[in-house]
Structure formats: C-alpha cells, structure tokens
Amino acid sequence: MTRRDVVFPAGRQALYERNRYSPAVRANGLLFVSGQVGSRPDGSPEPDLETQVRLAFDNLNAVLTAAGCSFADVQDVTVYIVDPEANFEKIWAVVPEYWGEAPYPTLTGVGVTWLYGFKFEIKVVAKLPEMAPAV
C-alpha cells in the first residue's frame with residue numbers, strides 16, 4: 001500500500017488530526033485539497049458570510065502555500081453553497097479577490113442543505129510545480 005504524501009498548513013495539524021482527515025495529498029503531480037471552510041481559529045463557523053468566504057480562501061491558500069502552490073496552479077474547483085439562491089451573489093462578489101486572472105480553472109457548484117454550520121466550502125485540485133532536477 002502506498003503511503004499518502006500529506007500536506008499540512010502551519011499551525012493547523014491538530015485540527016485535521018482531531019477530525020481524522022488530511023488537508024491535502026500529493027499524488028502523480030497533483031495536489032488534492034480537502035474542502036476548506038471559513039472557520040475561526042477554534043474551528044467554529046464565522047457567522048458573517050463574506051468574512052466566512054474570505055477565511056475559506058485564506059485557509060485554502062495556506063494549504064496551497066504549504067505544498068509550494070498558489071491559486072494560479074489550481075485546475076479544478078468544486079464549491080458547496082448552502083442555499084445558493086440566497087447566497088450565490090454575495091459569495092461571488094468576494095471570489096474575484098482570490099480567483100486571479102483568466103484562464104480560470106474549471107468549476108462545479110453544488111447546492112447543499114447543510115455544511116456543519118458553514119455556508120460555503122471550496123475544494124480544489126492543483127498541479128504541483130515541476131521540481132528542478134538534482135545536480
């Protein structure tokens with residue numbers, strides 16, 4: 001069995017160990033990032049939606065950075081939105097602050113009824129940077 005090459009952002013390993021999942025796994029030149037939410041330092045949901053979305057992107061960027069990536073390396077995005085009819089426009093007003101320039105990654109949006117107290121979650125697959133050959 002192959003051992004997973006797990007990526008942990010600084011200062012958050014206990015959160016992932018407590019909840020029994022990996023924030024990201026490197027495999028075959030790709031980085032698979034678990035869904036990131038807008039949690040406060042204690043893990044509770046940020047109540048303000050726009051702040052929650054910014055925190056989710058900040059948490060995502062911390063995982064990407066820990067793997068040597070940035071949002072520019074993201075190829076595929078899945079977002080989960082509670083009550084998208086009411087929340088989509090508010091969320092999408094924040095996204096350009098983090099999204100970057102075209103060409104954009106692929107996107108799948110999923111409306112859900114429950115996210116453990118959160119209203120937004122973002123999950124991505126990124127291409128890992130090419131490593132320079134050893135000399």
# chains A, B, ... in the order shown; residues from 1 in each chain; ligands from 1
>>> residues_around(residues="Ala93 in chain A", least_positions_apart="4", cutoff="12 Å", atoms="only C-alpha atoms", output="MDAnalysis selection string")
chainID A and resid 49:51 53:54 87:89 97:99
>>> residues_around(residues="range 18-33 of chain A", least_positions_apart="6", cutoff="7 Å", atoms="only C-alpha atoms", output="count of residues only")
12
>>> atom_distance(atom1="CA of Gly117 in chain A", atom2="CA of Thr65 in chain A")
26.4 Å
>>> closest_residue(among="A:Pro84, A:Gly111, A:Pro105, A:Val37", to="Ala72 in chain A", atoms="only C-alpha atoms")
A:Pro105
>>> closest_residue(among="A:Val79, A:Leu55, A:Leu64, A:Ser34", to="Thr106 in chain A", atoms="only C-alpha atoms")
A:Val79
>>> select_by_dssp(residues="chain A", states="strand (DSSP E or B)", output="NGL selection string")
:A and (5-7 or 24-27 or 30-37 or 39 or 45 or 74-82 or 106-112 or 120-127)
>>> write_last_selection(atoms="N, CA and C atoms", output="compact mmCIF listing (two decimals), in the first residue's frame")
# COMPACT_ATOMS: atom_id res chain seq x y z
N ASP A 5 1.22 11.15 0.73
CA ASP A 5 2.13 12.28 0.92
C ASP A 5 1.26 13.48 1.33
N VAL A 6 1.08 13.65 2.63
CA VAL A 6 0.13 14.62 3.18
C VAL A 6 0.79 15.98 3.35
N VAL A 7 0.05 17.03 3.08
CA VAL A 7 0.49 18.41 3.26
C VAL A 7 -0.33 19.03 4.39
N ALA A 24 -4.50 18.02 2.51
CA ALA A 24 -4.16 17.85 1.10
C ALA A 24 -3.24 16.65 0.97
N VAL A 25 -3.30 16.04 -0.21
CA VAL A 25 -2.45 14.90 -0.52
C VAL A 25 -1.83 15.13 -1.90
N ARG A 26 -0.50 14.93 -1.98
CA ARG A 26 0.21 14.99 -3.27
C ARG A 26 0.16 13.60 -3.90
N ALA A 27 -0.16 13.56 -5.21
CA ALA A 27 -0.15 12.29 -5.93
C ALA A 27 -0.04 12.56 -7.43
N LEU A 30 -0.14 16.04 -8.84
CA LEU A 30 -1.31 16.86 -8.49
C LEU A 30 -1.42 16.99 -6.97
N LEU A 31 -2.10 18.03 -6.57
CA LEU A 31 -2.41 18.26 -5.16
C LEU A 31 -3.92 18.24 -5.01
N PHE A 32 -4.41 17.30 -4.20
CA PHE A 32 -5.83 17.17 -3.94
C PHE A 32 -6.10 17.79 -2.57
N VAL A 33 -6.85 18.91 -2.57
CA VAL A 33 -7.07 19.66 -1.34
C VAL A 33 -8.48 19.39 -0.82
N SER A 34 -8.56 19.01 0.45
CA SER A 34 -9.86 18.81 1.09
C SER A 34 -10.64 20.11 1.10
N GLY A 35 -11.95 20.00 1.23
CA GLY A 35 -12.80 21.18 1.30
C GLY A 35 -12.37 22.09 2.44
N GLN A 36 -12.26 23.37 2.13
CA GLN A 36 -11.85 24.37 3.12
C GLN A 36 -13.05 25.28 3.41
N VAL A 37 -13.25 25.56 4.69
CA VAL A 37 -14.36 26.39 5.13
C VAL A 37 -13.83 27.62 5.85
N SER A 39 -13.53 28.93 8.86
CA SER A 39 -13.58 28.68 10.30
C SER A 39 -12.73 29.68 11.07
N PRO A 45 -17.74 28.07 12.85
CA PRO A 45 -18.05 28.85 11.66
C PRO A 45 -18.03 30.35 11.94
N VAL A 74 -4.22 26.05 -9.52
CA VAL A 74 -5.48 25.32 -9.38
C VAL A 74 -6.08 25.05 -10.76
N GLN A 75 -6.43 23.79 -10.98
CA GLN A 75 -7.01 23.36 -12.25
C GLN A 75 -8.52 23.12 -12.17
N ASP A 76 -8.98 22.66 -11.01
CA ASP A 76 -10.37 22.27 -10.85
C ASP A 76 -10.87 22.73 -9.49
N VAL A 77 -12.07 23.30 -9.46
CA VAL A 77 -12.66 23.83 -8.22
C VAL A 77 -14.06 23.25 -8.08
N THR A 78 -14.38 22.83 -6.86
CA THR A 78 -15.76 22.48 -6.51
C THR A 78 -16.14 23.35 -5.32
N VAL A 79 -17.26 24.05 -5.44
CA VAL A 79 -17.76 24.84 -4.32
C VAL A 79 -19.10 24.26 -3.88
N TYR A 80 -19.30 24.28 -2.58
CA TYR A 80 -20.54 23.84 -1.98
C TYR A 80 -21.15 25.05 -1.29
N ILE A 81 -22.41 25.32 -1.61
CA ILE A 81 -23.08 26.52 -1.09
C ILE A 81 -24.42 26.12 -0.48
N VAL A 82 -24.61 26.50 0.77
CA VAL A 82 -25.90 26.31 1.41
C VAL A 82 -26.82 27.42 0.89
N THR A 106 -11.53 25.04 -13.98
CA THR A 106 -12.89 24.53 -14.15
C THR A 106 -13.63 24.71 -12.82
N LEU A 107 -14.95 24.73 -12.88
CA LEU A 107 -15.75 24.97 -11.68
C LEU A 107 -16.99 24.10 -11.69
N THR A 108 -17.26 23.48 -10.56
CA THR A 108 -18.52 22.79 -10.31
C THR A 108 -19.11 23.39 -9.05
N GLY A 109 -20.33 23.88 -9.14
CA GLY A 109 -21.03 24.42 -7.98
C GLY A 109 -22.12 23.48 -7.55
N VAL A 110 -22.16 23.21 -6.25
CA VAL A 110 -23.14 22.27 -5.72
C VAL A 110 -23.94 22.96 -4.61
N GLY A 111 -25.25 22.98 -4.76
CA GLY A 111 -26.11 23.49 -3.70
C GLY A 111 -26.37 22.39 -2.69
N VAL A 112 -26.19 22.72 -1.42
CA VAL A 112 -26.37 21.72 -0.37
C VAL A 112 -27.29 22.29 0.72
N PHE A 120 -20.39 27.92 3.05
CA PHE A 120 -19.54 27.86 1.87
C PHE A 120 -18.36 26.94 2.14
N GLU A 121 -18.04 26.11 1.15
CA GLU A 121 -16.86 25.25 1.22
C GLU A 121 -16.25 25.20 -0.18
N ILE A 122 -14.91 25.20 -0.24
CA ILE A 122 -14.21 25.14 -1.52
C ILE A 122 -13.19 24.02 -1.48
N LYS A 123 -13.21 23.20 -2.52
CA LYS A 123 -12.32 22.05 -2.67
C LYS A 123 -11.64 22.19 -4.03
N VAL A 124 -10.33 21.92 -4.10
CA VAL A 124 -9.62 22.11 -5.37
C VAL A 124 -8.65 20.96 -5.65
N VAL A 125 -8.28 20.89 -6.93
CA VAL A 125 -7.17 20.07 -7.39
C VAL A 125 -6.21 21.03 -8.09
N ALA A 126 -4.94 20.99 -7.69
CA ALA A 126 -3.92 21.88 -8.26
C ALA A 126 -2.80 21.04 -8.86
N LYS A 127 -2.13 21.61 -9.86
CA LYS A 127 -0.94 20.99 -10.44
C LYS A 127 0.25 21.43 -9.61
>>> decode(residues="range 24-130 of chain A", atoms="C-alpha atoms", output="JSON list (two decimals), in the first residue's frame")
[["chain", "number", "residue", "atom", "x", "y", "z"],
["A", 24, "ALA", "CA", -4.16, 17.85, 1.10],
["A", 25, "VAL", "CA", -2.45, 14.90, -0.52],
["A", 26, "ARG", "CA", 0.21, 14.99, -3.27],
["A", 27, "ALA", "CA", -0.15, 12.29, -5.93],
["A", 28, "ASN", "CA", 1.04, 11.94, -9.54],
["A", 29, "GLY", "CA", 1.99, 15.61, -9.92],
["A", 30, "LEU", "CA", -1.31, 16.86, -8.49],
["A", 31, "LEU", "CA", -2.41, 18.26, -5.16],
["A", 32, "PHE", "CA", -5.83, 17.17, -3.94],
["A", 33, "VAL", "CA", -7.07, 19.66, -1.34],
["A", 34, "SER", "CA", -9.86, 18.81, 1.09],
["A", 35, "GLY", "CA", -12.80, 21.18, 1.30],
["A", 36, "GLN", "CA", -11.85, 24.37, 3.12],
["A", 37, "VAL", "CA", -14.36, 26.39, 5.13],
["A", 38, "GLY", "CA", -14.35, 29.79, 6.79],
["A", 39, "SER", "CA", -13.58, 28.68, 10.30],
["A", 40, "ARG", "CA", -12.40, 30.73, 13.22],
["A", 41, "PRO", "CA", -9.18, 29.61, 14.99],
["A", 42, "ASP", "CA", -11.25, 27.36, 17.29],
["A", 43, "GLY", "CA", -12.85, 25.65, 14.26],
["A", 44, "SER", "CA", -16.27, 27.26, 14.64],
["A", 45, "PRO", "CA", -18.05, 28.85, 11.66],
["A", 46, "GLU", "CA", -17.56, 32.58, 11.05],
["A", 47, "PRO", "CA", -21.14, 33.93, 11.10],
["A", 48, "ASP", "CA", -20.68, 36.75, 8.54],
["A", 49, "LEU", "CA", -20.95, 35.17, 5.06],
["A", 50, "GLU", "CA", -18.46, 37.41, 3.24],
["A", 51, "THR", "CA", -15.91, 37.00, 6.05],
["A", 52, "GLN", "CA", -16.55, 33.25, 6.03],
["A", 53, "VAL", "CA", -15.76, 33.10, 2.29],
["A", 54, "ARG", "CA", -12.55, 35.12, 2.78],
["A", 55, "LEU", "CA", -11.48, 32.81, 5.62],
["A", 56, "ALA", "CA", -12.18, 29.75, 3.45],
["A", 57, "PHE", "CA", -9.92, 31.18, 0.72],
["A", 58, "ASP", "CA", -7.29, 32.12, 3.32],
["A", 59, "ASN", "CA", -7.39, 28.54, 4.64],
["A", 60, "LEU", "CA", -7.18, 27.21, 1.08],
["A", 61, "ASN", "CA", -4.23, 29.46, 0.31],
["A", 62, "ALA", "CA", -2.44, 28.25, 3.46],
["A", 63, "VAL", "CA", -2.74, 24.65, 2.25],
["A", 64, "LEU", "CA", -1.64, 25.57, -1.28],
["A", 65, "THR", "CA", 1.35, 27.53, 0.06],
["A", 66, "ALA", "CA", 2.39, 24.62, 2.29],
["A", 67, "ALA", "CA", 2.59, 22.49, -0.88],
["A", 68, "GLY", "CA", 4.54, 25.13, -2.83],
["A", 69, "CYS", "CA", 1.50, 26.10, -4.91],
["A", 70, "SER", "CA", -0.71, 29.13, -5.39],
["A", 71, "PHE", "CA", -4.23, 29.61, -6.68],
["A", 72, "ALA", "CA", -2.69, 30.04, -10.17],
["A", 73, "ASP", "CA", -1.85, 26.30, -10.04],
["A", 74, "VAL", "CA", -5.48, 25.32, -9.38],
["A", 75, "GLN", "CA", -7.01, 23.36, -12.25],
["A", 76, "ASP", "CA", -10.37, 22.27, -10.85],
["A", 77, "VAL", "CA", -12.66, 23.83, -8.22],
["A", 78, "THR", "CA", -15.76, 22.48, -6.51],
["A", 79, "VAL", "CA", -17.76, 24.84, -4.32],
["A", 80, "TYR", "CA", -20.54, 23.84, -1.98],
["A", 81, "ILE", "CA", -23.08, 26.52, -1.09],
["A", 82, "VAL", "CA", -25.90, 26.31, 1.41],
["A", 83, "ASP", "CA", -29.00, 27.96, -0.10],
["A", 84, "PRO", "CA", -27.29, 29.07, -3.33],
["A", 85, "GLU", "CA", -30.32, 31.05, -4.46],
["A", 86, "ALA", "CA", -29.90, 33.38, -1.48],
["A", 87, "ASN", "CA", -26.10, 33.24, -1.09],
["A", 88, "PHE", "CA", -24.51, 32.86, -4.53],
["A", 89, "GLU", "CA", -24.30, 36.55, -5.46],
["A", 90, "LYS", "CA", -22.87, 37.52, -2.05],
["A", 91, "ILE", "CA", -20.25, 34.76, -2.31],
["A", 92, "TRP", "CA", -19.35, 35.51, -5.93],
["A", 93, "ALA", "CA", -18.80, 39.18, -5.06],
["A", 94, "VAL", "CA", -15.86, 38.06, -2.86],
["A", 95, "VAL", "CA", -14.36, 35.41, -5.16],
["A", 96, "PRO", "CA", -12.55, 37.82, -7.56],
["A", 97, "GLU", "CA", -10.36, 38.96, -4.65],
["A", 98, "TYR", "CA", -8.76, 35.49, -4.71],
["A", 99, "TRP", "CA", -9.55, 33.97, -8.10],
["A", 100, "GLY", "CA", -6.90, 35.63, -10.27],
["A", 101, "GLU", "CA", -6.91, 36.26, -13.99],
["A", 102, "ALA", "CA", -8.15, 34.22, -16.95],
["A", 103, "PRO", "CA", -7.80, 31.49, -17.96],
["A", 104, "TYR", "CA", -9.80, 30.29, -14.99],
["A", 105, "PRO", "CA", -9.92, 26.78, -13.52],
["A", 106, "THR", "CA", -12.89, 24.53, -14.15],
["A", 107, "LEU", "CA", -15.75, 24.97, -11.68],
["A", 108, "THR", "CA", -18.52, 22.79, -10.31],
["A", 109, "GLY", "CA", -21.03, 24.42, -7.98],
["A", 110, "VAL", "CA", -23.14, 22.27, -5.72],
["A", 111, "GLY", "CA", -26.11, 23.49, -3.70],
["A", 112, "VAL", "CA", -26.37, 21.72, -0.37],
["A", 113, "THR", "CA", -28.66, 21.87, 2.64],
["A", 114, "TRP", "CA", -26.04, 21.53, 5.37],
["A", 115, "LEU", "CA", -22.29, 22.09, 5.85],
["A", 116, "TYR", "CA", -21.86, 21.60, 9.60],
["A", 117, "GLY", "CA", -22.83, 25.21, 10.32],
["A", 118, "PHE", "CA", -20.95, 26.73, 7.37],
["A", 119, "LYS", "CA", -22.50, 28.26, 4.25],
["A", 120, "PHE", "CA", -19.54, 27.86, 1.87],
["A", 121, "GLU", "CA", -16.86, 25.25, 1.22],
["A", 122, "ILE", "CA", -14.21, 25.14, -1.52],
["A", 123, "LYS", "CA", -12.32, 22.05, -2.67],
["A", 124, "VAL", "CA", -9.62, 22.11, -5.37],
["A", 125, "VAL", "CA", -7.17, 20.07, -7.39],
["A", 126, "ALA", "CA", -3.92, 21.88, -8.26],
["A", 127, "LYS", "CA", -0.94, 20.99, -10.44],
["A", 128, "LEU", "CA", 2.22, 20.78, -8.37],
["A", 129, "PRO", "CA", 5.14, 22.88, -9.59],
["A", 130, "GLU", "CA", 7.79, 20.99, -11.55]]
